[in-house]
There are 2 protein chains.
Amino acid sequence: MTTQIGRSIPRLEARAKVTGRADYTHNLLLPGMLYGKVFRSTVAHGRIRGIDTSAAAALEGVARVVTGEEIRALIPSPYYGPAFHDQPILALEKVRFVGEPMAVVLAADPHVAEQAVQLISAEYDELPAVYDEIEALEPDVIIHDELKPAGTFADLKHLAGRTHTNVALDFHLRRGDVDEAFATADCVIEHTFRTQQCVHLPFEALVSVADPADPGLTVYSATQTPSFVRTELARLLGWPENRIRVKVAFLGGGFGAKVYIKLEALTAALALLARRPVKISLTMEEQFYHITKHPTTFRIKSAVTRDGRITARRCQVWWNGGAYADIGPRVTQKSGFTAAGPYDIDNVAIDSYELYTNRPPAGALRGFGIPQLVWAYESHTDVLARALGIDPVEFRRRNILRDGRPQATGTPMQDAAIAAVLETLADRMNWNAPFDRGAGVVRRGRGIAIGFKASISPTTAVAIVNVSADGSVALYMNTVDMGQGADTAMALIVAEVLDLAAKDIRIVPPDTDVTPYDMGTLGSRSTFHMGNAVRLAAEDARNRLQALAAQAGLPLGSNYPAAEIFRKRYGMQAGNAVGTGTYVPSYAPPDASGMSPAVTPFWMAAGAGAEVEVDTETGHVRVTRLVNVADAGTPLNPAVARTQLSGAAIMQLGFTLHEKMEFDGGQVTNASLADYKIPGFQDIPVMETELVAAKQATGPFGAKGIGESGTFGVSPAIANAIDDAIGVHLTELPLTPEAVLRAITARFDRSKTHV
Amino acid sequence: MTTQIGRSIPRLEARAKVTGRADYTHNLLLPGMLYGKVFRSTVAHGRIRGIDTSAAAALEGVARVVTGEEIRALIPSPYYGPAFHDQPILALEKVRFVGEPMAVVLAADPHVAEQAVQLISAEYDELPAVYDEIEALEPDVIIHDELKPAGTFADLKHLAGRTHTNVALDFHLRRGDVDEAFATADCVIEHTFRTQQCVHLPFEALVSVADPADPGLTVYSATQTPSFVRTELARLLGWPENRIRVKVAFLGGGFGAKVYIKLEALTAALALLARRPVKISLTMEEQFYHITKHPTTFRIKSAVTRDGRITARRCQVWWNGGAYADIGPRVTQKSGFTAAGPYDIDNVAIDSYELYTNRPPAGALRGFGIPQLVWAYESHTDVLARALGIDPVEFRRRNILRDGRPQATGTPMQDAAIAAVLETLADRMNWNAPFDRGAGVVRRGRGIAIGFKASISPTTAVAIVNVSADGSVALYMNTVDMGQGADTAMALIVAEVLDLAAKDIRIVPPDTDVTPYDMGTLGSRSTFHMGNAVRLAAEDARNRLQALAAQAGLPLGSNYPAAEIFRKRYGMQAGNAVGTGTYVPSYAPPDASGMSPAVTPFWMAAGAGAEVEVDTETGHVRVTRLVNVADAGTPLNPAVARTQLSGAAIMQLGFTLHEKMEFDGGQVTNASLADYKIPGFQDIPVMETELVAAKQATGPFGAKGIGESGTFGVSPAIANAIDDAIGVHLTELPLTPEAVLRAITARFDRSKTHV
C-alpha cells in the first residue's frame, strides 16, 4: 500500500522557475569567457578549397578564429557521434549540408564575434547533392566514403552499409512468410506515406560552455545525456572520464534535440585551444542546422481476410538521416521492431533503412521514429477497415496485440494495455453514438489511432540516496529535469520508500563528478529505468539505516527516526546512510531475422482520437477535440503524467498540421519562428487526457514512462478524421489547407472523370 | 606489501595552484552579490544603548544596514557556537569585546560599504571589564549571565559553570594520591608558566558567501568544517540540513581559524534578509577580532625522587577563552587529558579551566592547546632535571610513557613512538657529543622537548569512492585541502586499494550536497579518520567491482580491468561501482575522575631540539638549528608529512619568539602585519625534520596525523636552550629580547644580592 505514489503533487522546481531563480546554462557567465559564433557552409555538398579567416581575425576584439584543421591539431580524429563517429567537430575537407559549422570566431563580446563571422569566406568545389531518402538509395552521390560505427553501438556494426555507404544502416525483420500470405489473401492493400523534416525548437536553444578547469575540463551544457557527453569527450581527447566534468542545470525543453553530443565537442575543443572558457549558444535560426526530425517514406502493404483479420504485413521504411548519422541508425533499428503496429500478425516483413543525404542531420525527436510509423500504419489501418466495411475501432479490436502474445520480434507482450487504450479511447469518443458529419461547406469527421513503442535497451541507470544525520535526504542522479517533472517523480519514489514527503528530498543536479552514471534522459526511460534505480538506492539506504540501528542496539523493527539512529550510533549528529541502486533490465539483441526474446524492458501504449471540421472551400482543418489516452502503468504523479500526454500531443499537432522545414536545394528557407509555424494557443483544440488503469509489474511502484506516448496517435487520428469528414485520405504530412484542398480537388476531378 | 604508500609524490593540486587556476572563495563573484562590511564595538564590555545607522543607510549605493535586532526577527535565537550557543550573530543587548560585530553595511561596492561603516555610531553603558584569566576567576565582572552548552557537546553539560558563569568549563582528573606523594617526596618543584594571546593569520583571511538559492541557501565558505557549518545553520534556521548547501574551495591555510562556524551564520542571515548573495571577507586586521589562540596560566608542581623518577604531578591550567566560548571548552577538556606530559606518573591531579574574559574569542589553533601545555611541562621538566643534576634526555628517558602503560586517563598507550622520538632527537642533536657554549657576549645553548596529544573523539568520517565505467575513479569526501596535502594523501589510499596512480584519482571538492559527512578537517584527524573511511570506501568499491565481474560471468580472481567488467556486465560502457566507507573509532567519555579506557583513537608524539645563540648585551636570541622529530606512523607521503612538521615548527617559532597581541585595555594595538611580527624568511633557522620508523596499526596503511606535531616541542626546546646558554629560565612567552634581557638583569641583580 503506497502512501505517496499516485497522488498528484506540484513539481518541486515550480517555485524556482516561476520566481526566476531556476538555473539555466544560458545564464552562466564565467570570468574570462569567450563567446563562439559559427561560420557555416553555404553549399550542400562540396570539397573545401579554402577558408579565409584573415579579415575576421583582424577585427578588433576577436580573440581567435578556429577552423577544423586547428581542431585536428588538438584532436587527431575529431569525429564524433553516438552511433557513428562520422561528424567532424568543424568541417574537414568536405561540407555535407548547408549550415554545417566550418569555423568559429571567439570574442569576449558576442556581437563582435557575430560581426567577424560575416567577414569569413570559403571557397568550395561543389559536388552534386542528394536530398531525398529514396534518391539516396542510388549510389550516384555518395556522402561518406566510409562508415565508422561507434564502439558503444557495436551491435549496429554488422548492420551498417550493406549496399553502399549512403545506407548508414539497414534493419530487417522476418516473421512467418509474407509472400505466401499475400499470395493467398482475400485482400491486399498497399500505401506509401511520407513525413516531412521538422525541428525540435526547444525554447531554450542548444547551449554549451566549456571551461578548461584543472585537471581537465568542465562542461556546462544543456544536455539530456551528461554521462554520454563525458564518455564521448573522454574518447575524443583520449582522457580518462574523471578529468571531464559535465554539469547540467534545468533544461528549457529537450525533445531529443539535446541527447548524446551536440555542441559539447566544439566548445570543449575551442576552450582547450583558447585556454579560456568558451560559450556557444545557438540562435533559433541556428537550431535548424543542428538536429532535426527524420523525413520518411513508408511503404506499407497488408493482407487481410474478409472478416477483418490482418494476416500479413510488409513494411519498408526509408529514413532521411541527413548529412551525419547522429542517433539515426538507432531510430531506424529500434522503431523497426514495431513498424507493423500493435497488431497480432503472423507474417511480418520489416525493412528499415537509414540514409545519408545532404540535409541537416536528423536524430531523436520525441517518439524516436514511432510517430512517423504510427502516422503510416494507422492511416493504412483505417483505409483497410473502410475497404472491408468494418468499423475502424472494431477492426483494430479484432487484430490487437494482447498480453502474452508474441510481438513481431518474438518478445512477448507484457503489461501493455493496448486494448484498454483502444476501448477507453472509443468510450471517450462516444464512438458508438451517432456523429453529425455536417453538410455544406464545413464537414465534420472523427478518427482514432493507436500506437506502441519498445523502450530502450541495453541501458543502465545508477542512483545514490544519501541520508544525512538529521534524517534529511539527498538524491544523486544524472536524470535531467527538462520540464517533464523527473525530479518530482524520483523524489516521490524516495519519499515512498523512506516515508518522507517528496518536497523534502533534495535533488542533486546532474554533475558527472558527483551524480552517477545514467544512459540519458531520453526515450521515456527515466521513470522506469532511473525510477527502478532510485527505488533500489532508497531501499539500500533504508537497509543501511536499519543496520545502523541494530549496531546502536536499538530494538529490531522499531520505527526510530533516522536522526535518532545516527545519534545513538555515532554519539552525535554525524554520519550518513549512503544507498546505491543500479538498474539494468534484461535484454537480448535481435538476431539476423530481427528476432529477440527480450527486445524491450517494457511497452508503451497510447492512442489519440480527433474530431475535426474541414472547410471544403479553403481546405482549412480545425481540430475541435483531441483525446489522448495512454498506459502509464500506475502513474507516480498523475497530474504531471497527464501534462506529458497533452504536451506531446500539442507538439505532434504542430508536426501534423503546420510544421515543415522548407528547402531551396539544400538551403532551409523558413529557418525562423516567423516562417516556421509551431502551434500557438489559438491552434490548441479542446484537449482531453486519460491514463488507463494499469500496472507495469517491473516498474517502480507499477509505473512506466509516458513522455512520448502522447505523440503516437495524433497525426493519423486527424488524417482519419479528415477522411471521415471528406472522404479522402492524405498520405503526406503536414496536413496543410493546400494539401487538403488539393486532395478535395483531385477527388472531385477523379469523380468527374468517372462520371 | 603496498606499492604506492610511503613514496613521496607531488601534491595533486600543485599545478593548479602555481598556475593560478585553483579556486578560492575570495575569487567568487555571484550576480547581484552584495558586500558586507562590519561595524564593530569600541568598548570591551557594555550595554548597547543604541546604534545609529541612519547616515550609513542614507549613503548612496548602500543597499541595507543590518543590526542584531533585525537578525533576531529572522532567527529568534540567533546564538551560535560549537560548544556553547553563546555568540550572537551580531551583538544583542551587550558587547563583550572590542571588535565585536554590531552591524553590517551591505552594498554592491565594497568601498561604499566600508565608507558607510564609518558613518555608524553606537552608544553604550560601559561595564567593568576583565581581561586576565586569573582575574576572571573572581566573580566581580560576569561576562555571560547563563551558560548554554550545545546539544552536540552534551558531555560538556555537567562540567560547565560549577562556580560561576565566567568558568565556562572545568575539567578535573584525579589519579592516585598527589597530596600523599607530595608529602613524602624527595623533592618538590613548582612553577607557573604563561602564554600570550596570538592569532592564526591564515594568508587567506576568513571569507564566506551566502546565496539564497532555491530551495534554501548555498554557502561558499573557506571553512575547515563544511558538515558542521551545515548542521549549525540548519539548527539556527530550523531547517532540514538538505536545504543548506555548503561548498568549499581550496583554503589558503586554516590552522584552526576556520573550524566550526565563523562568518557563515552572519552571511547566511544577511543573504536571507537581503534576498541577495552576500559576501564578507575579512581584512588582515579584522582577523584579530574573530578567533585567536588562548593565553594561559599553567601552575605545575612535581614530586621527584632523587634518582629522577617523577612520582606526582599537579597541573592547574587556566585558559583565557575571551568573550565567546567557540571551541575553547573542548580545548580545555581535551588538552587536560595530557597536561601532565608524556611521562609515566602514578599520582596525577589535573584541573583545567576555561574562562570567559573581555578579549577577542579564543579557539583551536594548530595543536588545540597542546603547545601551551608542552611549553610549560617541558620547561618544568628541564628545570627538574637540572635541579637533580640529571641530563635532561636521561631524565626524560627514565620517566617516559611507554606502549602498554596507562596514560593519566587510564587509556593504555598504543603505537605511540614517544621513546623513539626522544632517542632520535638525542641522536640528531648529537646530545652526547661535547657542545661549545661560547664565551663573552654571545652564549650558545641547546635544548630539547617532547610532547604528545590525544586525537579527537567521538568523531565520524564518511567517504564515497565511485568507479566509472572506464575505470576512472572519483573520491567524494568533506575533508578540506587547506594546504596540508589531504587530497593527495587520500588519493594515495584509493590508488593503493584499487591499483591505480594517485594522480588519476579525481577528488570531488567538499560540497555538503554531494560529499558525505565528515566531522571536520581539524585536530590532525584527516589522515587517520578520513583515511580509514576512504580505505573502507575503496575496498567496498573493489568488492562491488568483483561482484559485477562475477555477475558478468568473469572467472573469479582474474584481474580484469574495471572497464572490461562494466562492458561485460552492462553491455556497454555504463554503470558505476559506488563504494562507501564510514569510520568511527571506539571511544569512552571520561568519567567524573577524568578516567576513560579509550579516550583517543591514536596518540601523536613529537619533539623538537633547538640550538640557540643568545646575545647577552641585547637579549637577542638566534635559533641556529631547529630539529623536529615526530611519529607519523607509516607516513603516506613522507615528503609532504615532513613539510607539515617544518611548517608547524615555523609557526610555533613565531609564537615562541615574536608574536603577541598587544592590548590597551580591551583594544588590540598591533592588529596588522606591520606591527604583529610573524616569522619571515630571515627568521627561519636551519630546519631538520625526521619521521621515526613507526606504524599506527589502526591507521590506514599504518599512518596517522601529523599536522600539529611540529608545534609541540618548539617553545620549550628554545627556552631550555636559552637556559642552557645563559642559566636563566623564562616562564612567559614570547621569548623577546626584552624578556631575555630582563631575565639576565634579574639574575645579575639576584647574584649581586646574594654576593
# chains A, B, ... in the order shown; residues from 1 in each chain; ligands from 1
call {"tool": "residues_around", "arguments": {"residues": "Ala495 of chain A", "least_positions_apart": "4", "cutoff": "10 Å", "atoms": "only C-alpha atoms", "output": "list in words"}}
result
Thr3, Gln4, Ile5, Val473, Ala489, Met490, Ala491, Asp499, Leu500, Ala501, Ala502, Lys503, Asp504, Ile505, Arg535 and Ala538 of chain A
call {"tool": "write_last_selection", "arguments": {"atoms": "N, CA, C and O atoms", "output": "tab-separated table (two decimals), in the first residue's frame"}}
result
chain	number	residue	atom	x	y	z
A	3	THR	N	1.74	5.27	-0.01
A	3	THR	CA	1.11	6.44	0.61
A	3	THR	C	1.31	7.72	-0.21
A	3	THR	O	0.59	8.68	-0.05
A	4	GLN	N	2.33	7.72	-1.06
A	4	GLN	CA	2.66	8.94	-1.80
A	4	GLN	C	2.40	8.78	-3.29
A	4	GLN	O	2.03	9.74	-3.98
A	5	ILE	N	2.68	7.57	-3.79
A	5	ILE	CA	2.60	7.31	-5.21
A	5	ILE	C	1.15	7.42	-5.67
A	5	ILE	O	0.24	6.93	-4.99
A	473	VAL	N	17.39	14.00	3.27
A	473	VAL	CA	17.83	13.08	2.24
A	473	VAL	C	18.19	13.82	0.96
A	473	VAL	O	17.51	14.77	0.56
A	489	ALA	N	9.12	13.17	-9.76
A	489	ALA	CA	8.80	11.75	-9.82
A	489	ALA	C	9.78	10.93	-8.99
A	489	ALA	O	9.39	10.05	-8.21
A	490	MET	N	11.06	11.26	-9.14
A	490	MET	CA	12.08	10.49	-8.41
A	490	MET	C	12.01	10.77	-6.91
A	490	MET	O	12.19	9.88	-6.09
A	491	ALA	N	11.73	12.03	-6.58
A	491	ALA	CA	11.58	12.38	-5.16
A	491	ALA	C	10.43	11.60	-4.55
A	491	ALA	O	10.50	11.15	-3.40
A	499	ASP	N	9.47	6.96	3.67
A	499	ASP	CA	8.37	7.51	4.46
A	499	ASP	C	8.59	8.99	4.78
A	499	ASP	O	8.53	9.42	5.93
A	500	LEU	N	8.91	9.75	3.75
A	500	LEU	CA	9.10	11.19	3.87
A	500	LEU	C	8.16	11.87	2.88
A	500	LEU	O	7.39	11.20	2.19
A	501	ALA	N	8.25	13.19	2.80
A	501	ALA	CA	7.49	13.92	1.77
A	501	ALA	C	8.42	14.23	0.61
A	501	ALA	O	9.59	14.56	0.80
A	502	ALA	N	7.89	14.13	-0.60
A	502	ALA	CA	8.71	14.35	-1.80
A	502	ALA	C	9.38	15.71	-1.77
A	502	ALA	O	10.53	15.86	-2.15
A	503	LYS	N	8.68	16.72	-1.30
A	503	LYS	CA	9.23	18.08	-1.31
A	503	LYS	C	10.46	18.19	-0.42
A	503	LYS	O	11.22	19.15	-0.52
A	504	ASP	N	10.64	17.25	0.48
A	504	ASP	CA	11.78	17.33	1.39
A	504	ASP	C	13.01	16.59	0.86
A	504	ASP	O	14.05	16.57	1.51
A	505	ILE	N	12.89	15.97	-0.31
A	505	ILE	CA	14.05	15.28	-0.88
A	505	ILE	C	14.85	16.30	-1.68
A	505	ILE	O	14.30	16.99	-2.55
A	535	ARG	N	14.60	3.57	-6.65
A	535	ARG	CA	13.94	2.74	-5.64
A	535	ARG	C	14.94	1.80	-4.96
A	535	ARG	O	14.95	1.67	-3.73
A	538	ALA	N	17.11	3.84	-2.61
A	538	ALA	CA	16.39	4.23	-1.39
A	538	ALA	C	16.22	3.03	-0.46
A	538	ALA	O	16.36	3.14	0.76
call {"tool": "residues_around", "arguments": {"residues": "His200 of chain B", "least_positions_apart": "3", "cutoff": "7 Å", "atoms": "only C-alpha atoms", "output": "PDB file with all heavy atoms, in the first residue's frame"}}
result
ATOM      1  N   PHE B 255      44.592  26.432  10.038  1.00  0.00           N
ATOM      2  CA  PHE B 255      45.262  26.434  11.348  1.00  0.00           C
ATOM      3  C   PHE B 255      44.278  26.468  12.507  1.00  0.00           C
ATOM      4  O   PHE B 255      44.638  26.823  13.618  1.00  0.00           O
ATOM      5  CB  PHE B 255      46.230  27.639  11.453  1.00  0.00           C
ATOM      6  CG  PHE B 255      47.100  27.815  10.233  1.00  0.00           C
ATOM      7  CD1 PHE B 255      47.056  28.982   9.482  1.00  0.00           C
ATOM      8  CD2 PHE B 255      47.944  26.793   9.811  1.00  0.00           C
ATOM      9  CE1 PHE B 255      47.837  29.144   8.352  1.00  0.00           C
ATOM     10  CE2 PHE B 255      48.739  26.948   8.682  1.00  0.00           C
ATOM     11  CZ  PHE B 255      48.686  28.123   7.950  1.00  0.00           C
ATOM     12  N   ALA B 257      41.604  28.434  12.491  1.00  0.00           N
ATOM     13  CA  ALA B 257      40.816  29.675  12.422  1.00  0.00           C
ATOM     14  C   ALA B 257      39.485  29.436  11.724  1.00  0.00           C
ATOM     15  O   ALA B 257      38.541  30.195  11.909  1.00  0.00           O
ATOM     16  CB  ALA B 257      41.602  30.758  11.682  1.00  0.00           C
ATOM     17  N   THR B 292      41.297  33.613  18.056  1.00  0.00           N
ATOM     18  CA  THR B 292      42.692  33.739  18.488  1.00  0.00           C
ATOM     19  C   THR B 292      43.119  32.469  19.217  1.00  0.00           C
ATOM     20  O   THR B 292      42.341  31.536  19.379  1.00  0.00           O
ATOM     21  CB  THR B 292      42.843  34.932  19.462  1.00  0.00           C
ATOM     22  OG1 THR B 292      42.166  34.583  20.680  1.00  0.00           O
ATOM     23  CG2 THR B 292      42.245  36.212  18.887  1.00  0.00           C
ATOM     24  N   LEU B 365      43.864  26.393  17.769  1.00  0.00           N
ATOM     25  CA  LEU B 365      44.958  26.823  16.900  1.00  0.00           C
ATOM     26  C   LEU B 365      46.008  25.723  16.886  1.00  0.00           C
ATOM     27  O   LEU B 365      46.605  25.420  17.919  1.00  0.00           O
ATOM     28  CB  LEU B 365      45.559  28.164  17.336  1.00  0.00           C
ATOM     29  CG  LEU B 365      46.445  28.845  16.271  1.00  0.00           C
ATOM     30  CD1 LEU B 365      46.610  30.325  16.557  1.00  0.00           C
ATOM     31  CD2 LEU B 365      47.801  28.196  16.104  1.00  0.00           C
TER      32      LEU B 365
END
call {"tool": "interface_residues", "arguments": {"of": "chain A", "to": "chain B", "cutoff": "8 Å", "atoms": "only C-alpha atoms", "output": "ChimeraX atom specification"}}
result
/A:16,21-22,152,213-215,240-243,458-462,466,468,470,472-474,476,504-506,508,513-514,516-519,570-576,578,580,582,584
call {"tool": "closest_residue", "arguments": {"among": "A:Arg64, A:His111, A:Lys262, A:Arg330", "to": "Ala150 of chain A", "atoms": "only C-alpha atoms"}}
result
A:Arg330
call {"tool": "atom_distance", "arguments": {"atom1": "atom CA of Ser208 of chain A", "atom2": "atom CA of Tyr220 of chain A"}}
result
5.8 Å
call {"tool": "closest_residue", "arguments": {"among": "B:Leu236, B:Ala376, B:Ile310, B:Val629", "to": "Thr731 of chain B", "atoms": "only C-alpha atoms"}}
result
B:Ala376
call {"tool": "residues_around", "arguments": {"residues": "Ser646 of chain A", "least_positions_apart": "2", "cutoff": "8 Å", "atoms": "only C-alpha atoms", "output": "PyMOL selection string"}}
result
chain A and resi 628+642-644+648-650+687-689+710
call {"tool": "select_by_dssp", "arguments": {"residues": "segment 293-326 of chain A", "states": "strand (DSSP E)", "output": "list in words"}}
result
Lys293, Thr296, Thr297, Phe298, Arg299, Ile300, Lys301, Ser302, Ala303, Val304, Ile310, Thr311, Ala312, Arg313, Arg314, Cys315, Gln316, Val317, Trp318, Trp319 and Asn320 of chain A
